[in-house]
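Inspection log for the structure reproduced underneath, given as structure tokens.
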Amino acid sequence: MKYKYKKQALSLGQKEKRLGLMKEKVQTYLFIAVVLAWPIVQFLVFWLYTNIQSIMLAFAKVDVDLNMTFNGLNNFKAAFADFFSKEDISLRRAFINSFTRYFATNIVTYTIPIIFGFIIFKKLPLSGIARYCVMLPSIISSMMTSLVFEQLVHSLPKLFAGLGIVVPDMLIDPAYSFQTMTFYAMWTGCTSCAIMYPNMFNSVDSQLHEAAEIDGCTMLKELWHVYIPCIWPTITTFVVTGFSSILSSPGVLFAFYGDQAPYETATYGYMVFVKSKFGGPTQYGYTAALSLMGVIIVYPLTLLIKYLMEKGDRINAS
Amino acid sequence: MKKLAKVIAVCCAAMLSLSMFGACLTEDDSGIKLNPNKETINVSMFVGGFGAEYMKKIINTWNEEHQDSKYQFNIGREHQDTAATAEEKINSGVVEADIYVNDDPGIYGLVNGGKLLNLGEVWDSSSDGISFRERLREADAKLFEEICTGKDGKIYAMPWTQGVTGMLYDRDFFEEEGWLLEDSTTKNGLTKGTDGIEGTFDDGLPQTMGEFKSLCEEISDGFWPFIVSDIVNPTNECIDAVMARYLGVESFITSYTLDGNYTDPATGEVTKITPKDGWKFNSINVGLKKAFEFLEDFLYNGDYRDVDEVGIDHIAQGEKFLFSHEFTRIAMFFDGCWWLNEKSAAFASDVQRHGAKWSADNRDIRFMPIPAYEGATDSLQGKSVFVTNNVGTIFAVKSDDEEKNAEIIKFLKNLVTDRSLKEFIKTTNCMTSFKCTLSEDELSKLTPYARSVYEMMNSDSVVFVHPAIYKQKSLFYTSISVPYYRYGITYNNVLYTNIYKTVVEQKRCTFNEYYTELCNRYDEQSWQTIYDALVF
């Protein structure tokens with residue numbers, strides 16, 4: 001038996017109530033639209049448009065008068081030729097430097113912040129000092145940090161000369177500049193993680209900690225078996241996003257060396273940045289091709305890293 | 001402890017807030033008095049070594065004297081943009097000012113862009129009985145007019161500042177130590193110098209490299225002959241100065257354009273260089289070899305400078321030079337003519353600590369021309385050569401308001417008068433591209449440095465070369481679609497483009513090896529890539 005629902009006439013109060021609800025809905029949607037409008041516009045202009053244009057530039061030739069013409073794969077051919085050039089190995093070396101620096105730096109910037117974060121979270125002795133030490137580079141402006149570091153390294157030869165020890169200028173001497181910049185990256189890279197980890201450890205269920213205590217876990221075992229697995233998704237996010245910028249980030253090299261970093265120290269992202277900034281408009285196509293090449297190499301590797309990290313998740317891995 | 005940390009945190013937050021508040025104050029701090037009822041013509045001012053103080057004074061004087069005018073002038077914006085940046089902005093419709101005062105001559109696109117005001121009337125003007133063109137140095141007038149003229153034959157810009165660079169020396173120190181060359185036959189007891197005229201700025205200075213070497217050896221016995229900035233190092237300017245003096249102006253210009261005549265100073269043989277065979281220029285350019293010898297034997301000689309002084313820019317270099325009387329004194333340094341204008345705080349500090357003797361008014365620091373190597377061109381016999389690192393220019397954007405355009409023309413004419421030019425000298429201790437005449441009384445009020453610069457500008461025995469302008473005339477710097485490095489080499493399979501970084505700082509090779517690689521960098525086949533990339 002079908003039932004028909006008769007449309008009942010709404011009372012004045014009900015009408016007002018419905019209108020009020022509609023008005024509230026409209027206002028809610030309007031508010032959301034206004035709040036999201038600016039980020040969406042920013043995304044469209046500063047991410048979507050610029051990336052689309054970068055991809056287009058990789059296939060274009062730009063002349064001295066900024067006229068763009070289709071250039072096929074010639075930019076990529078030039079980029080490949082330079083990469084495998086026997087005459088100039090700097091681009092190849094920069095590529096290797098990028099990976100070397102990433103792995104060397106991140107072994108430290110992932111382990112030390114976890115340990116420091118755990119010390120701070122557990123309020124162990126000297127945790128206060130640890131907090132200040134790791135937070136200091138993020139409190140002080142990065143320009144100041146780099147200036148202070150630069151002046152300190154420049155002054156070391158003179159300081160040690162007084163003790164009769166010969167110490168090179170480790171920013172200028174190409175034999176040491178890569179290691180010095182890697183150390184700097186390690187030191188300044190630890191800070192943000194060290195601020196976040198104590199908060200992440202706080203979010204772990206306290207019952208797990210109690211259970212571990214009852215089971216007689218030492219602090220290190222607790223860290224390894226309880227806390228790290230719990231925050232593993234966050235660690236995965238850090239690792240994956242960090243790896244994805246391995247060939248695009250110029251790092252802090254420009255602050256130290258301008259456009260003249262020794263080739264032993266330069267990274268791929270730095271080389272692309274310098275070539276595009278100082279090469280002029282005629283280099284836009286070539287540097288866009290270099291960038292795109294980097295993306296093509298890094299993208300599958302990033303997916304692999306993500307897969308491996310998710311596989312290593314002891315709680316959620318299937 | 002927690003309370004102390006809280007107090008420190010509150011104090012830091014308060015300081016930060018106060019500094020942000022201070023930066024937001026909206027009072028007109030340009031130093032120019034403005035009338036709110038008048039229309040303002042804005043000047044976009046490049047503020048580098050010369051500063052903007054002189055322009056503020058000129059504008060204030062103009063505004064005071066033109067109370068009846070419906071216009072007033074103001075410095076709307078101070079910046080360090082190049083003319084190329086101004087061109088981009090103007091072409092994209094962002095016109096930030098009516099008049100642009102720039103620090104470089106890269107105005108080719110602007111003078112041919114159809115947006116600038118015709119300044120022919122300014123060029124045809126006269127003031128104080130001297131025409132605009134007569135105020136320019138004879139050797140430079142044609143060159144300056146060329147870069148300011150569009151393809152339609154009309155003039156759309158004017159030259160302004162001139163960034164003369166060179167070796168500066170402490171003449172007081174030289175006199176104290178007896179390092180000035182003596183000649184008993186002259187009234188002042190000193191040699192007449194390169195110009196052969198007694199009583200000029202180059203008296204007592206070395207004329208040959210042999211004399212310069214002896215001077216440096218003498219100074220290095222107890223003092224430092226040089227201090228050199230590694231951050232803003234003068235390598236290229238030194239190379240240009242030595243090369244220009246050795247080869248002569250025409251061959252030097254050819255080294256930039258790779259399109260002209262090269263004359264071998266020793267044999268007088270003339271070789272025509274064209275862009276197509278530019279690859280062979282370095283191997284026949286004997287001036288380049290001499291320039292590298294100068295770098296190795298003098299400027300970067302470890303016996304003549306403190307090699308541990310690293311991480312210093314040109315400002316710190318100048319300060320260390322001025323303060324060196326407290327430590328191991330330094331005799332010479334390389335900088336631009338604006339150096340004294342940038343060092344007012346350093347002089348004030350020195351005076352406060354050590355007395356008025358060390359003020360800018362009492363210290364005699366002057367330019368020393370780099371002597372010529374043996375076998376240098378005869379065309380510059382008796383001449384001192386200085387390099388300008390830039391030639392500033394002024395242009396104005398054409399307005400639809402003809403009355404405003406006329407006012408701008410009047411103002412620009414006023415810039416090239418004795419009064420305005422003297423204001424420039426008094427404030428900056430430098431000269432513009434224009435000559436003016438100072439009375440003895442006015443000269444006596446200048447610093448010794450400014451007096452020497454004035455003398456140099458008005459001397460017929462001083463030649464200025466302008467690489468920045470030669471680059472504007474060269475396809476290799478303006479119309480090439482691959483990177484072109486004047487001093488780029490490939491050494492041990494790596495491209496190096498900076499001589500100082502490669503040889504001095506990173507010690508990858510010697511100056512001689514760098515020079516050899518430079519000569520052999522291209523052959524006919526490999527040069528084709530460069531030639532094909534030129535846009536004719």
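Naming scheme: A, B, ... for chains in displayed order of the structure tokens; residues 1 onward per chain; ligands 1 onward as shown.
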Chain B residues within 7 Å of chain A, counting only C-alpha atoms: which ones, as a PyMOL selection string? chain B and resi 310-311+479+481-483+490+493-495+505-506
Would you mind exporting the chosen residues as a PDB file, in the first residue's frame, restricted to C-alpha atoms?
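What follows is the written file selection00.pdb:
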```
ATOM      1  CA  VAL B 310      88.729  36.770   4.470  1.00  0.00           C
ATOM      2  CA  GLY B 311      84.997  37.356   4.535  1.00  0.00           C
ATOM      3  CA  SER B 479      72.084  39.483 -27.601  1.00  0.00           C
ATOM      4  CA  SER B 481      71.252  32.909 -26.327  1.00  0.00           C
ATOM      5  CA  VAL B 482      73.928  30.835 -24.566  1.00  0.00           C
ATOM      6  CA  PRO B 483      75.941  31.842 -21.494  1.00  0.00           C
ATOM      7  CA  THR B 490      87.308  24.632 -18.345  1.00  0.00           C
ATOM      8  CA  ASN B 493      86.683  19.047 -16.524  1.00  0.00           C
ATOM      9  CA  VAL B 494      84.941  21.799 -14.602  1.00  0.00           C
ATOM     10  CA  LEU B 495      83.785  25.180 -15.833  1.00  0.00           C
ATOM     11  CA  GLU B 505      90.452  31.295  -2.875  1.00  0.00           C
ATOM     12  CA  GLN B 506      90.153  27.680  -3.971  1.00  0.00           C
TER      13      GLN B 506
END
```
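For His209 of chain A, the residues within 12 Å (counting only C-alpha atoms, excluding itself and residues fewer than 2 positions away along the chain) are Lys122, Phe201, Asn202, Ser203, Val204, Asp205, Ser206, Gln207, Ala211, Ala212, Glu213, Ile214, Asp215, Gly216, Cys217, Thr218, Met219, Lys221, Glu222, Leu223, His225, Val226, Tyr227 and Cys230 of chain A.
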Since we have the selection now, will you write its residues out, keeping N, CA and C atoms, as a PDB file, in the first residue's frame?
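New file out-v4.pdb:
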```pdb
ATOM      1  N   LYS A 122      60.409  13.047  28.107  1.00  0.00           N
ATOM      2  CA  LYS A 122      60.538  12.316  29.370  1.00  0.00           C
ATOM      3  C   LYS A 122      61.062  13.205  30.490  1.00  0.00           C
ATOM      4  N   PHE A 201      54.944  12.682  20.884  1.00  0.00           N
ATOM      5  CA  PHE A 201      55.045  11.637  21.914  1.00  0.00           C
ATOM      6  C   PHE A 201      53.934  11.809  22.939  1.00  0.00           C
ATOM      7  N   ASN A 202      53.553  13.065  23.177  1.00  0.00           N
ATOM      8  CA  ASN A 202      52.470  13.349  24.121  1.00  0.00           C
ATOM      9  C   ASN A 202      51.150  12.755  23.684  1.00  0.00           C
ATOM     10  N   SER A 203      50.996  12.669  22.345  1.00  0.00           N
ATOM     11  CA  SER A 203      49.706  12.205  21.824  1.00  0.00           C
ATOM     12  C   SER A 203      49.566  10.679  21.888  1.00  0.00           C
ATOM     13  N   VAL A 204      50.647   9.990  22.222  1.00  0.00           N
ATOM     14  CA  VAL A 204      50.593   8.519  22.306  1.00  0.00           C
ATOM     15  C   VAL A 204      49.820   8.131  23.579  1.00  0.00           C
ATOM     16  N   ASP A 205      48.981   7.136  23.430  1.00  0.00           N
ATOM     17  CA  ASP A 205      48.134   6.679  24.545  1.00  0.00           C
ATOM     18  C   ASP A 205      49.001   6.324  25.752  1.00  0.00           C
ATOM     19  N   SER A 206      48.660   6.894  26.884  1.00  0.00           N
ATOM     20  CA  SER A 206      49.480   6.666  28.093  1.00  0.00           C
ATOM     21  C   SER A 206      49.392   5.224  28.571  1.00  0.00           C
ATOM     22  N   GLN A 207      48.342   4.533  28.160  1.00  0.00           N
ATOM     23  CA  GLN A 207      48.187   3.131  28.582  1.00  0.00           C
ATOM     24  C   GLN A 207      49.305   2.269  27.975  1.00  0.00           C
ATOM     25  N   ALA A 211      51.740  -0.041  30.055  1.00  0.00           N
ATOM     26  CA  ALA A 211      51.922  -1.454  29.720  1.00  0.00           C
ATOM     27  C   ALA A 211      53.399  -1.777  29.529  1.00  0.00           C
ATOM     28  N   ALA A 212      54.097  -0.883  28.898  1.00  0.00           N
ATOM     29  CA  ALA A 212      55.539  -1.096  28.666  1.00  0.00           C
ATOM     30  C   ALA A 212      56.283  -1.131  29.983  1.00  0.00           C
ATOM     31  N   GLU A 213      55.887  -0.242  30.873  1.00  0.00           N
ATOM     32  CA  GLU A 213      56.532  -0.188  32.202  1.00  0.00           C
ATOM     33  C   GLU A 213      56.314  -1.493  32.945  1.00  0.00           C
ATOM     34  N   ILE A 214      55.070  -1.978  32.871  1.00  0.00           N
ATOM     35  CA  ILE A 214      54.736  -3.225  33.568  1.00  0.00           C
ATOM     36  C   ILE A 214      55.562  -4.371  32.990  1.00  0.00           C
ATOM     37  N   ASP A 215      55.722  -4.358  31.660  1.00  0.00           N
ATOM     38  CA  ASP A 215      56.494  -5.414  31.000  1.00  0.00           C
ATOM     39  C   ASP A 215      57.994  -5.276  31.222  1.00  0.00           C
ATOM     40  N   GLY A 216      58.392  -4.211  31.928  1.00  0.00           N
ATOM     41  CA  GLY A 216      59.817  -4.043  32.275  1.00  0.00           C
ATOM     42  C   GLY A 216      60.665  -3.497  31.133  1.00  0.00           C
ATOM     43  N   CYS A 217      60.050  -2.695  30.245  1.00  0.00           N
ATOM     44  CA  CYS A 217      60.815  -2.111  29.134  1.00  0.00           C
ATOM     45  C   CYS A 217      61.777  -1.055  29.626  1.00  0.00           C
ATOM     46  N   THR A 218      62.982  -1.066  29.071  1.00  0.00           N
ATOM     47  CA  THR A 218      63.887   0.067  29.323  1.00  0.00           C
ATOM     48  C   THR A 218      63.400   1.229  28.469  1.00  0.00           C
ATOM     49  N   MET A 219      63.985   2.402  28.726  1.00  0.00           N
ATOM     50  CA  MET A 219      63.543   3.587  28.013  1.00  0.00           C
ATOM     51  C   MET A 219      63.797   3.459  26.503  1.00  0.00           C
ATOM     52  N   LYS A 221      64.012   0.718  24.744  1.00  0.00           N
ATOM     53  CA  LYS A 221      63.094  -0.267  24.162  1.00  0.00           C
ATOM     54  C   LYS A 221      61.712   0.332  24.021  1.00  0.00           C
ATOM     55  N   GLU A 222      61.337   1.148  25.015  1.00  0.00           N
ATOM     56  CA  GLU A 222      60.034   1.814  24.966  1.00  0.00           C
ATOM     57  C   GLU A 222      59.978   2.734  23.746  1.00  0.00           C
ATOM     58  N   LEU A 223      61.079   3.462  23.526  1.00  0.00           N
ATOM     59  CA  LEU A 223      61.142   4.377  22.383  1.00  0.00           C
ATOM     60  C   LEU A 223      61.000   3.595  21.089  1.00  0.00           C
ATOM     61  N   HIS A 225      59.960   0.345  20.532  1.00  0.00           N
ATOM     62  CA  HIS A 225      58.813  -0.550  20.327  1.00  0.00           C
ATOM     63  C   HIS A 225      57.464   0.112  20.513  1.00  0.00           C
ATOM     64  N   VAL A 226      57.421   1.237  21.224  1.00  0.00           N
ATOM     65  CA  VAL A 226      56.119   1.870  21.506  1.00  0.00           C
ATOM     66  C   VAL A 226      55.976   3.199  20.768  1.00  0.00           C
ATOM     67  N   TYR A 227      56.883   4.121  21.063  1.00  0.00           N
ATOM     68  CA  TYR A 227      56.668   5.498  20.574  1.00  0.00           C
ATOM     69  C   TYR A 227      56.942   5.648  19.074  1.00  0.00           C
ATOM     70  N   CYS A 230      54.209   4.346  16.966  1.00  0.00           N
ATOM     71  CA  CYS A 230      53.003   5.173  17.057  1.00  0.00           C
ATOM     72  C   CYS A 230      53.107   6.421  16.200  1.00  0.00           C
TER      73      CYS A 230
END
```
Which residues are near Gly153 of chain B? Cut-off 12 Å, only C-alpha atoms, ignore same chain within fewer than 3 positions. Put them as a list in words.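 Listing them by chain and then by number gives Val111, Asn112, Asn118, Leu119, Gly120, Glu145, Glu146, Ile147, Cys148, Thr149, Gly150 and Tyr156 of chain B.
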Could you tell me, as a PyMOL selection string, which residues of segment 47-265 of chain B DSSP assigns to alpha helix (DSSP H) when given the backbone? chain B and resi 53-65+83-91+108-111+120-123+132-135+138-148+171-177+209-220+235-247+249-257
